[in-house]
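Listing of target03.txt; format and content: compact mmCIF, C-alpha atoms and all ligand atoms.
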# COMPACT_ATOMS: atom_id res chain seq x y z
CA MET Z 1 72.78 -209.03 1.87
CA THR Z 2 71.80 -207.25 -1.37
CA SER Z 3 74.34 -206.22 -3.97
CA LYS Z 4 73.81 -202.96 -5.86
CA THR Z 5 75.23 -201.66 -9.12
CA LEU Z 6 75.56 -197.91 -9.45
CA GLN Z 7 75.55 -196.09 -12.79
CA PHE Z 8 75.34 -192.60 -11.49
CA LYS Z 9 77.91 -190.74 -13.56
CA LYS Z 10 75.94 -187.73 -14.74
CA PRO Z 11 76.83 -184.55 -16.66
CA SER Z 12 75.82 -182.53 -13.60
CA LEU Z 13 74.85 -183.06 -9.95
CA LYS Z 14 72.38 -180.57 -8.54
CA GLY Z 15 69.77 -180.59 -5.82
CA THR Z 16 68.82 -180.10 -2.20
CA ILE Z 17 69.00 -182.65 0.60
CA THR Z 18 67.74 -182.42 4.17
CA VAL Z 19 70.21 -184.49 6.10
CA PRO Z 20 68.69 -187.20 8.37
CA GLY Z 21 69.19 -187.20 12.13
CA ASP Z 22 72.55 -187.49 13.83
CA LYS Z 23 73.33 -191.06 14.87
CA SER Z 24 75.27 -190.17 18.04
CA ILE Z 25 72.59 -187.75 19.25
CA SER Z 26 69.71 -190.09 18.36
CA HIS Z 27 71.21 -192.88 20.51
CA ARG Z 28 71.72 -190.51 23.42
CA SER Z 29 68.19 -189.06 23.19
CA VAL Z 30 66.69 -192.50 23.84
CA MET Z 31 69.18 -193.31 26.59
CA PHE Z 32 68.59 -190.03 28.42
CA GLY Z 33 64.82 -190.35 27.95
CA ALA Z 34 65.01 -193.80 29.55
CA ILE Z 35 67.02 -192.47 32.53
CA ALA Z 36 64.76 -189.46 33.20
CA LYS Z 37 61.46 -189.89 34.98
CA GLY Z 38 58.60 -188.64 32.82
CA THR Z 39 57.99 -188.28 29.09
CA THR Z 40 60.76 -187.23 26.74
CA THR Z 41 59.92 -186.34 23.15
CA VAL Z 42 62.42 -186.47 20.32
CA GLU Z 43 62.09 -185.01 16.83
CA GLY Z 44 64.34 -185.74 13.88
CA PHE Z 45 65.36 -189.16 15.24
CA LEU Z 46 67.50 -191.25 12.90
CA LEU Z 47 65.67 -194.41 11.84
CA GLY Z 48 68.97 -196.17 11.16
CA ASP Z 49 69.50 -199.77 12.23
CA ASP Z 50 71.97 -198.77 14.97
CA CYS Z 51 69.55 -196.38 16.67
CA LEU Z 52 66.72 -198.90 16.35
CA SER Z 53 68.98 -201.35 18.24
CA THR Z 54 69.17 -198.83 21.09
CA ILE Z 55 65.37 -198.52 21.18
CA ASP Z 56 65.07 -202.30 21.24
CA CYS Z 57 67.45 -202.61 24.21
CA PHE Z 58 65.46 -200.11 26.28
CA ARG Z 59 62.17 -201.75 25.44
CA LYS Z 60 63.65 -204.96 26.87
CA LEU Z 61 64.38 -202.99 30.05
CA GLY Z 62 60.68 -202.14 30.27
CA VAL Z 63 60.86 -198.55 29.00
CA ASP Z 64 57.84 -197.48 26.93
CA ILE Z 65 59.01 -196.12 23.56
CA THR Z 66 56.77 -195.21 20.64
CA LEU Z 67 57.84 -194.19 17.16
CA ASP Z 68 55.88 -192.03 14.75
CA ASP Z 69 58.08 -191.52 11.70
CA THR Z 70 61.09 -189.62 13.09
CA ASN Z 71 59.29 -188.56 16.29
CA VAL Z 72 59.99 -190.69 19.34
CA THR Z 73 58.23 -190.61 22.70
CA ILE Z 74 59.97 -192.21 25.66
CA THR Z 75 58.02 -192.66 28.88
CA SER Z 76 60.01 -193.87 31.85
CA ASP Z 77 59.58 -194.18 35.60
CA GLY Z 78 63.27 -193.47 35.83
CA MET Z 79 66.30 -195.68 35.78
CA ASP Z 80 65.46 -197.27 39.15
CA ALA Z 81 62.31 -198.72 37.57
CA TRP Z 82 64.07 -200.56 34.73
CA GLN Z 83 63.11 -204.22 34.64
CA GLU Z 84 65.63 -207.02 34.54
CA PRO Z 85 65.58 -208.18 30.90
CA THR Z 86 64.58 -211.80 30.28
CA ASP Z 87 66.46 -211.86 27.00
CA ILE Z 88 69.89 -210.63 25.86
CA LEU Z 89 70.13 -206.99 24.83
CA TYR Z 90 71.11 -207.20 21.16
CA THR Z 91 73.15 -204.20 20.04
CA GLY Z 92 73.47 -205.20 16.37
CA ASN Z 93 76.34 -203.41 14.60
CA SER Z 94 76.36 -200.51 17.05
CA GLY Z 95 79.50 -199.71 19.04
CA THR Z 96 77.80 -196.68 20.58
CA THR Z 97 74.89 -198.77 21.87
CA THR Z 98 77.19 -201.46 23.26
CA ARG Z 99 79.68 -199.16 24.98
CA LEU Z 100 77.25 -196.57 26.36
CA MET Z 101 74.87 -199.30 27.59
CA LEU Z 102 77.78 -200.86 29.49
CA GLY Z 103 78.26 -197.62 31.41
CA LEU Z 104 74.57 -197.22 32.09
CA LEU Z 105 73.93 -200.81 33.12
CA ALA Z 106 77.00 -200.84 35.39
CA GLY Z 107 75.32 -198.37 37.75
CA SER Z 108 71.77 -199.68 37.35
CA SER Z 109 69.91 -202.12 39.57
CA VAL Z 110 69.57 -204.88 36.94
CA HIS Z 111 71.53 -207.78 35.53
CA ALA Z 112 71.79 -207.81 31.73
CA VAL Z 113 73.72 -209.52 28.94
CA LEU Z 114 74.83 -207.57 25.87
CA ASN Z 115 75.64 -209.10 22.51
CA GLY Z 116 75.98 -207.77 18.98
CA ASP Z 117 76.77 -208.90 15.43
CA ALA Z 118 80.04 -210.41 14.15
CA SER Z 119 81.66 -206.98 13.77
CA ILE Z 120 80.80 -205.98 17.36
CA GLY Z 121 82.24 -209.32 18.48
CA LYS Z 122 85.68 -208.16 17.24
CA ARG Z 123 85.66 -204.63 18.68
CA PRO Z 124 87.65 -203.87 21.85
CA MET Z 125 85.50 -203.39 24.95
CA LYS Z 126 88.29 -203.28 27.57
CA ARG Z 127 88.74 -199.57 26.85
CA VAL Z 128 85.32 -199.13 28.49
CA ILE Z 129 85.41 -202.00 30.93
CA ASN Z 130 88.76 -201.03 32.50
CA PRO Z 131 87.58 -197.61 33.76
CA LEU Z 132 84.19 -199.09 34.70
CA ARG Z 133 85.93 -201.78 36.74
CA ASP Z 134 87.97 -199.00 38.37
CA MET Z 135 84.56 -197.64 39.41
CA ASN Z 136 83.85 -201.02 41.00
CA ALA Z 137 81.55 -202.23 38.20
CA HIS Z 138 80.82 -205.93 37.94
CA ILE Z 139 81.22 -206.92 34.28
CA THR Z 140 82.28 -210.28 32.88
CA GLY Z 141 82.76 -211.32 29.29
CA ARG Z 142 84.72 -213.17 26.69
CA ALA Z 143 88.51 -212.75 26.96
CA ASP Z 144 88.09 -211.19 30.42
CA GLY Z 145 85.64 -208.65 29.05
CA GLN Z 146 87.49 -207.59 25.92
CA TYR Z 147 84.74 -208.93 23.65
CA THR Z 148 80.98 -209.53 23.62
CA PRO Z 149 78.95 -211.27 24.91
CA LEU Z 150 79.25 -209.27 28.13
CA ALA Z 151 77.27 -209.65 31.33
CA VAL Z 152 76.71 -206.72 33.69
CA GLN Z 153 75.45 -206.89 37.26
CA GLY Z 154 74.39 -203.34 38.10
CA LYS Z 155 75.45 -201.87 41.46
CA THR Z 156 76.33 -198.59 43.16
CA LEU Z 157 79.63 -197.35 41.78
CA THR Z 158 82.52 -195.33 43.11
CA PRO Z 159 83.71 -192.19 41.27
CA ILE Z 160 87.03 -192.02 39.41
CA ASP Z 161 89.50 -189.48 38.16
CA TYR Z 162 90.32 -190.87 34.72
CA THR Z 163 92.78 -189.72 32.07
CA MET Z 164 91.63 -190.99 28.69
CA PRO Z 165 94.28 -193.13 26.96
CA VAL Z 166 92.49 -192.77 23.58
CA ALA Z 167 90.29 -189.98 22.23
CA SER Z 168 86.93 -191.73 22.32
CA ALA Z 169 83.51 -190.23 22.96
CA GLN Z 170 82.14 -193.71 23.53
CA VAL Z 171 84.57 -194.35 26.39
CA LYS Z 172 84.06 -190.86 27.85
CA SER Z 173 80.27 -191.23 27.62
CA ALA Z 174 80.23 -194.70 29.20
CA ILE Z 175 82.17 -193.29 32.18
CA LEU Z 176 79.88 -190.25 32.49
CA LEU Z 177 76.75 -192.41 32.31
CA ALA Z 178 78.16 -194.72 34.99
CA ALA Z 179 79.12 -191.65 37.02
CA LEU Z 180 75.42 -190.73 37.25
CA ASN Z 181 75.12 -193.56 39.77
CA ALA Z 182 78.47 -193.15 41.50
CA ASP Z 183 78.78 -191.96 45.03
CA GLY Z 184 80.77 -188.74 44.52
CA THR Z 185 82.35 -186.64 41.76
CA THR Z 186 83.89 -188.21 38.65
CA ILE Z 187 86.54 -186.43 36.63
CA VAL Z 188 87.40 -187.34 33.02
CA ARG Z 189 90.50 -185.80 31.45
CA GLU Z 190 90.72 -185.68 27.66
CA GLN Z 191 94.01 -185.10 25.87
CA GLU Z 192 92.20 -184.35 22.63
CA PRO Z 193 88.55 -183.31 22.53
CA SER Z 194 86.10 -185.96 21.30
CA ARG Z 195 82.46 -185.30 20.41
CA ASP Z 196 80.66 -183.72 23.40
CA HIS Z 197 77.03 -184.72 22.76
CA THR Z 198 76.77 -186.51 26.11
CA GLU Z 199 77.88 -183.44 28.05
CA ARG Z 200 75.51 -181.20 26.07
CA MET Z 201 72.58 -183.54 26.53
CA LEU Z 202 73.23 -183.98 30.25
CA ARG Z 203 72.83 -180.20 30.53
CA GLN Z 204 69.67 -180.30 28.41
CA PHE Z 205 68.22 -182.82 30.85
CA GLY Z 206 69.00 -180.48 33.74
CA ALA Z 207 72.27 -181.94 35.03
CA ASP Z 208 75.17 -179.88 36.30
CA ILE Z 209 78.37 -180.83 34.45
CA THR Z 210 81.43 -178.69 33.84
CA SER Z 211 83.93 -179.01 31.06
CA LYS Z 212 87.01 -176.81 30.86
CA ASP Z 213 90.42 -177.25 29.22
CA GLY Z 214 89.79 -180.94 28.65
CA VAL Z 215 88.68 -181.65 32.23
CA ILE Z 216 85.08 -182.80 32.69
CA THR Z 217 83.67 -182.79 36.23
CA PHE Z 218 80.40 -184.51 37.03
CA ARG Z 219 78.76 -185.15 40.41
CA GLY Z 220 76.92 -188.47 40.80
CA GLY Z 221 73.39 -188.88 42.12
CA GLN Z 222 71.84 -186.15 39.96
CA LYS Z 223 68.35 -186.81 38.63
CA LEU Z 224 67.59 -186.01 35.00
CA THR Z 225 64.43 -184.15 33.98
CA ALA Z 226 62.51 -185.38 30.92
CA THR Z 227 62.56 -182.86 28.08
CA HIS Z 228 62.24 -182.34 24.33
CA VAL Z 229 65.21 -183.11 22.07
CA SER Z 230 65.55 -181.83 18.53
CA VAL Z 231 68.11 -183.98 16.70
CA PRO Z 232 70.15 -182.10 14.08
CA GLY Z 233 71.16 -183.71 10.79
CA ASP Z 234 74.25 -185.89 10.88
CA ILE Z 235 77.35 -184.12 9.55
CA SER Z 236 78.86 -187.58 9.05
CA SER Z 237 76.03 -188.37 6.59
CA ALA Z 238 76.23 -184.91 5.02
CA ALA Z 239 79.95 -185.56 4.43
CA PHE Z 240 79.17 -188.00 1.59
CA PHE Z 241 77.27 -185.31 -0.30
CA LEU Z 242 79.79 -182.59 0.55
CA VAL Z 243 82.42 -184.74 -1.15
CA ALA Z 244 80.04 -185.64 -4.02
CA GLY Z 245 79.45 -181.95 -4.68
CA ALA Z 246 83.16 -181.11 -4.57
CA LEU Z 247 84.04 -184.01 -6.90
CA ALA Z 248 81.34 -183.99 -9.56
CA ASN Z 249 81.19 -181.77 -12.63
CA GLU Z 250 78.64 -178.96 -12.83
CA SER Z 251 77.50 -179.57 -9.28
CA GLU Z 252 75.62 -177.49 -6.75
CA ILE Z 253 74.26 -179.35 -3.72
CA THR Z 254 72.48 -177.62 -0.85
CA LEU Z 255 72.47 -179.52 2.43
CA HIS Z 256 69.98 -178.35 5.07
CA ASN Z 257 69.92 -179.22 8.76
CA VAL Z 258 73.63 -180.10 9.04
CA GLY Z 259 74.75 -180.47 12.68
CA LEU Z 260 77.67 -178.07 13.23
CA ASN Z 261 78.82 -179.00 16.73
CA PRO Z 262 82.50 -177.86 16.76
CA THR Z 263 83.62 -181.30 18.01
CA ARG Z 264 82.32 -182.73 14.71
CA THR Z 265 83.33 -180.16 12.10
CA GLY Z 266 86.80 -181.48 11.26
CA ILE Z 267 85.41 -182.52 7.85
CA ILE Z 268 84.65 -178.88 7.02
CA GLU Z 269 88.20 -177.88 7.90
CA ALA Z 270 89.59 -180.73 5.77
CA LEU Z 271 87.38 -179.76 2.81
CA GLU Z 272 88.42 -176.11 3.16
CA ALA Z 273 92.11 -177.08 3.31
CA MET Z 274 91.60 -179.08 0.11
CA GLY Z 275 90.06 -176.10 -1.68
CA ALA Z 276 86.39 -177.14 -1.63
CA ASN Z 277 84.00 -174.52 -2.96
CA MET Z 278 81.57 -174.26 -0.02
CA THR Z 279 79.43 -171.71 1.75
CA ILE Z 280 78.05 -172.25 5.25
CA THR Z 281 75.16 -170.45 6.93
CA ILE Z 282 74.61 -171.13 10.63
CA ASP Z 283 70.93 -171.33 11.71
CA ASP Z 284 71.16 -170.92 15.47
CA GLU Z 285 74.52 -170.98 17.18
CA ALA Z 286 72.97 -170.91 20.66
CA ALA Z 287 70.98 -174.12 20.15
CA ALA Z 288 71.91 -177.15 22.28
CA GLU Z 289 73.37 -178.53 19.05
CA PRO Z 290 73.99 -175.85 16.37
CA THR Z 291 72.89 -176.50 12.78
CA GLY Z 292 73.33 -174.85 9.43
CA THR Z 293 73.02 -175.03 5.65
CA ILE Z 294 75.98 -175.85 3.44
CA VAL Z 295 76.15 -175.27 -0.30
CA VAL Z 296 78.94 -177.11 -2.13
CA LYS Z 297 79.95 -176.78 -5.76
CA THR Z 298 82.44 -178.35 -8.17
CA SER Z 299 85.89 -177.70 -6.76
CA ASN Z 300 89.51 -177.52 -7.80
CA LEU Z 301 91.09 -179.78 -5.20
CA LYS Z 302 94.55 -179.84 -3.69
CA ALA Z 303 96.22 -182.31 -1.33
CA THR Z 304 96.62 -181.74 2.41
CA THR Z 305 97.93 -183.37 5.58
CA ILE Z 306 95.39 -184.43 8.20
CA GLY Z 307 96.59 -185.50 11.65
CA GLY Z 308 96.77 -184.64 15.34
CA ALA Z 309 93.90 -183.13 17.31
CA VAL Z 310 91.57 -182.87 14.29
CA ILE Z 311 91.43 -186.67 13.91
CA PRO Z 312 88.73 -187.35 16.56
CA ARG Z 313 86.71 -184.50 14.99
CA LEU Z 314 86.56 -186.26 11.59
CA ILE Z 315 87.34 -189.89 12.38
CA ASP Z 316 84.15 -191.26 10.75
CA GLU Z 317 84.72 -189.14 7.63
CA ILE Z 318 88.16 -190.50 6.74
CA PRO Z 319 86.88 -193.05 4.19
CA ILE Z 320 85.11 -190.35 2.19
CA ILE Z 321 88.02 -187.89 2.62
CA ALA Z 322 90.29 -190.58 1.14
CA LEU Z 323 88.06 -190.74 -1.94
CA LEU Z 324 88.21 -186.94 -2.22
CA ALA Z 325 92.01 -187.08 -2.00
CA THR Z 326 92.18 -189.37 -5.05
CA GLN Z 327 91.04 -186.36 -7.09
CA ALA Z 328 93.21 -183.74 -5.34
CA GLN Z 329 96.47 -182.49 -6.82
CA GLY Z 330 99.41 -183.80 -4.79
CA LYS Z 331 100.07 -186.12 -1.87
CA THR Z 332 97.45 -186.27 0.89
CA ILE Z 333 98.71 -187.72 4.17
CA ILE Z 334 96.30 -188.99 6.81
CA LYS Z 335 98.12 -189.81 10.06
CA ASP Z 336 97.49 -190.34 13.80
CA ALA Z 337 94.37 -192.29 12.83
CA GLU Z 338 95.12 -195.80 14.13
CA GLU Z 339 91.64 -195.78 15.72
CA LEU Z 340 90.39 -196.56 12.19
CA LYS Z 341 91.57 -200.13 12.73
CA VAL Z 342 88.93 -200.75 15.42
CA LYS Z 343 85.86 -199.30 13.72
CA GLU Z 344 83.08 -201.40 12.12
CA THR Z 345 85.94 -202.96 10.16
CA ASN Z 346 89.64 -202.10 9.84
CA ARG Z 347 88.99 -198.93 7.86
CA ILE Z 348 92.65 -198.38 6.91
CA ASP Z 349 92.77 -201.72 5.10
CA ALA Z 350 89.21 -201.47 3.75
CA VAL Z 351 89.64 -197.98 2.29
CA VAL Z 352 93.04 -198.78 0.77
CA ASP Z 353 91.94 -202.10 -0.73
CA GLU Z 354 88.66 -200.81 -2.19
CA LEU Z 355 90.01 -197.52 -3.57
CA THR Z 356 92.93 -199.48 -5.10
CA LYS Z 357 90.37 -201.63 -6.95
CA LEU Z 358 89.00 -198.41 -8.48
CA GLY Z 359 92.48 -197.37 -9.67
CA ALA Z 360 93.53 -195.00 -6.87
CA ASN Z 361 97.16 -194.49 -5.93
CA ILE Z 362 96.85 -195.14 -2.18
CA THR Z 363 99.10 -196.80 0.39
CA ALA Z 364 98.32 -197.90 3.93
CA THR Z 365 100.56 -196.70 6.76
CA GLU Z 366 100.65 -197.77 10.42
CA ASP Z 367 98.37 -194.92 11.47
CA GLY Z 368 96.59 -193.86 8.30
CA MET Z 369 97.19 -193.67 4.56
CA ILE Z 370 98.91 -191.72 1.81
CA ILE Z 371 97.02 -190.83 -1.38
CA GLU Z 372 98.54 -189.37 -4.55
CA GLY Z 373 96.21 -187.59 -6.90
CA PRO Z 374 94.58 -186.91 -9.16
CA THR Z 375 93.99 -190.36 -10.65
CA PRO Z 376 91.13 -191.31 -12.98
CA LEU Z 377 88.97 -194.00 -11.36
CA HIS Z 378 87.36 -196.95 -13.15
CA GLY Z 379 84.50 -199.27 -12.26
CA ALA Z 380 84.91 -202.38 -10.07
CA THR Z 381 83.04 -204.65 -7.71
CA LEU Z 382 83.65 -203.47 -4.16
CA HIS Z 383 83.47 -205.28 -0.86
CA THR Z 384 81.75 -203.22 1.84
CA TYR Z 385 82.88 -205.42 4.76
CA GLY Z 386 79.33 -204.85 6.08
CA ASP Z 387 80.52 -201.32 6.94
CA HIS Z 388 78.05 -198.55 6.10
CA ARG Z 389 80.71 -195.90 5.57
CA ILE Z 390 82.72 -198.08 3.17
CA GLY Z 391 79.49 -198.77 1.25
CA MET Z 392 78.67 -195.06 0.92
CA MET Z 393 82.26 -194.25 -0.07
CA GLY Z 394 81.88 -196.75 -2.95
CA ALA Z 395 78.52 -195.32 -4.01
CA ILE Z 396 79.89 -191.75 -4.13
CA ALA Z 397 82.94 -193.01 -6.05
CA ALA Z 398 80.54 -194.26 -8.74
CA LEU Z 399 79.71 -190.60 -9.51
CA ILE Z 400 83.17 -190.15 -11.01
CA THR Z 401 84.21 -193.61 -12.26
CA ASP Z 402 84.38 -194.70 -15.84
CA GLY Z 403 82.22 -197.79 -15.63
CA ASP Z 404 79.85 -199.18 -13.04
CA VAL Z 405 80.59 -199.72 -9.39
CA THR Z 406 78.94 -202.72 -7.75
CA LEU Z 407 78.69 -202.95 -3.96
CA ASP Z 408 78.57 -206.54 -2.73
CA ASP Z 409 76.35 -205.53 0.20
CA ALA Z 410 74.42 -202.28 0.04
CA ASP Z 411 72.06 -203.12 2.93
CA CYS Z 412 74.67 -202.20 5.54
CA ILE Z 413 74.22 -198.52 4.60
CA ALA Z 414 70.94 -198.57 6.56
CA VAL Z 415 72.99 -198.62 9.76
CA SER Z 416 73.40 -194.83 9.60
CA TYR Z 417 71.64 -193.59 6.45
CA PRO Z 418 68.61 -195.69 5.45
CA THR Z 419 67.46 -193.13 2.85
CA PHE Z 420 70.91 -192.69 1.30
CA PHE Z 421 70.07 -194.06 -2.17
CA ASP Z 422 66.77 -192.13 -2.28
CA ASP Z 423 68.61 -188.90 -1.49
CA LEU Z 424 71.36 -189.70 -3.98
CA SER Z 425 68.81 -190.31 -6.72
CA THR Z 426 67.19 -186.89 -6.20
CA LEU Z 427 70.39 -185.19 -7.42
CA GLN Z 428 70.18 -184.40 -11.14
C1 LIG Z 501 80.64 -192.14 18.58
C2 LIG Z 501 81.97 -191.97 18.83
C3 LIG Z 501 83.03 -192.33 17.88
C4 LIG Z 501 82.49 -192.52 16.46
C5 LIG Z 501 81.22 -193.32 16.45
C6 LIG Z 501 80.14 -192.68 17.30
C7 LIG Z 501 79.66 -191.75 19.62
O1 LIG Z 501 83.60 -193.56 18.29
O2 LIG Z 501 83.46 -193.11 15.65
O3 LIG Z 501 80.74 -193.48 15.13
O4 LIG Z 501 78.45 -191.69 19.31
O5 LIG Z 501 80.08 -191.49 20.75
P1 LIG Z 501 84.81 -193.64 19.35
O6 LIG Z 501 84.32 -193.25 20.66
O7 LIG Z 501 85.24 -195.09 19.32
O8 LIG Z 501 85.87 -192.73 18.82
Before we go any further, please render this structure as structure tokens.
Amino acid sequence: MTSKTLQFKKPSLKGTITVPGDKSISHRSVMFGAIAKGTTTVEGFLLGDDCLSTIDCFRKLGVDITLDDTNVTITSDGMDAWQEPTDILYTGNSGTTTRLMLGLLAGSSVHAVLNGDASIGKRPMKRVINPLRDMNAHITGRADGQYTPLAVQGKTLTPIDYTMPVASAQVKSAILLAALNADGTTIVREQEPSRDHTERMLRQFGADITSKDGVITFRGGQKLTATHVSVPGDISSAAFFLVAGALANESEITLHNVGLNPTRTGIIEALEAMGANMTITIDDEAAAEPTGTIVVKTSNLKATTIGGAVIPRLIDEIPIIALLATQAQGKTIIKDAEELKVKETNRIDAVVDELTKLGANITATEDGMIIEGPTPLHGATLHTYGDHRIGMMGAIAALITDGDVTLDDADCIAVSYPTFFDDLSTLQ
């Protein structure tokens, strides 16, 4: 755990950043490469701690994975050839690894035990285990499977028709990955769309999956074909610099390689509603995952209300949106976001407590927060709760505070953005 003091307040903030690989897509590229028979190549892989945890789990299942900078090669004899691990599969801080692996292992032919760090040990797993048990999966764990460590005995599963009680791509993806080995057609019904990287990547690997009006239909028993995956930059990482550009004086930041999958672009809509000065150029809309370039400049910000169906499309960006709202004219209301309580930490409490330390006028609500702006921010020592997105929110805040901001633990940022401070320091 390394603390870091930031003295970044500068007269201007200009530069160009190529955003590192998308965390959600990087995880899935390794998982799908391990399922498919043959050699899958990945470019633009995110070398964040979470995605490295996924690689580590599959190596323990006997899958051959090599890394050359951000290029990954996965050679697999297919899922049926996975070896029973002799050690626990350690998922670190990664909810995506833990939940998606549960779905995959449930329909595999191996027994495995999953465990993660202290934060993972507090995150609810029943949301995944309940539908998997409905599919006849054999999973045991602490508090009847609510918490890690969890043990899975793989077996052939039965399909389900499942209506999602929460908007969660992790739950949806765990069910779809289990459905690969179910005897029949699985249907998942979403009330609000969550990120669709699993559906897109299933198609890229040759599977037949349909998705229409919130109903996803997927036939089990399909074999995946190894392929090449190009991982776009992570819009959730870009979000920190989008906000930095909008907040700082004399700024002009160009962000290349930003993933623009419509199930992830809620942050762009929120920034636009708040008056951000931004231009977006799309590179290739027809790509499996569209990307583009965004230029953001100093902005005159106004408050907004964020809630309803947009929430799953910007859930990871709420900490940095809250910082933005401290500098917007008026009352910003973030609602329908109770899912924030079960992220890497309780992000409603963490955001409210840490922004309050900086002088923000912010109040927690049952399902979000209310922020009155603009308020001048001052320096403080912030607690990151070991949560990468709280750490990066604090670092971006330092760009506009009077006085230094110290993060008690800056190492956690490597979970999703290991080169964050290098990129931040290139802006002049
Ligand atoms: C993710 C889904 C989201 C998101 C997380 C990554 C994924 O979680 O917050 O960072 O890769 O599927 P939920 O499924 O819990 O909403």
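Across the structure, CA of Thr41 in chain Z and CA of Val113 in chain Z are spaced 27.6 Å apart.
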Spatial neighbours of range 354-360 of chain Z, 7 Å, all atoms listed in the file, chain gap at least 6 places, as a PyMOL selection string: chain Z and resi 326+375+377-380+382-383
When the cut-off is 10 Å and you count only C-alpha atoms and all ligand atoms, which residues lie near ligand LIG 501 (chain Z), shown as a ChimeraX atom specification? /Z:22-28,94-97,99-100,123-124,127-128,166-174,194-198,236,264,311-317,339-340,342-344,389,416
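One distance worth recording is that between CA of Ala226 in chain Z and CA of Ala287 in chain Z, which is 17.7 Å.
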10 Å contact set for Ile129 in chain Z, all atoms listed in the file, chain neighbours under 3 positions out, as a ChimeraX atom specification: /Z:99,102-103,106,124-126,132-135,137-141,144-146,150,171,174-175
Write out as an NGL selection string which residues come within 6 Å of range 411-414 of chain Z when counting only C-alpha atoms, dropping same-chain ones fewer than 4 positions away. :Z and (2 or 48-49 or 386 or 388 or 418)
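The shell of residues at most 8 Å from Asp283 in chain Z, with only C-alpha atoms counted and near chain neighbours (fewer than 6 positions) removed, consists of Pro290, Thr291, Gly292 and Thr293 of chain Z.
Proximity ranking of Z:Pro376, Z:Gly245, Z:Gly233, Z:Gly38 relative to Leu13 in chain Z places Z:Gly245 first, based on only C-alpha atoms.
You can rank Z:Leu224, Z:Thr298, Z:Leu255, Z:Ala182 by their closest distance to Phe240 in chain Z using only C-alpha atoms, and at the top of that list sits Z:Leu255.
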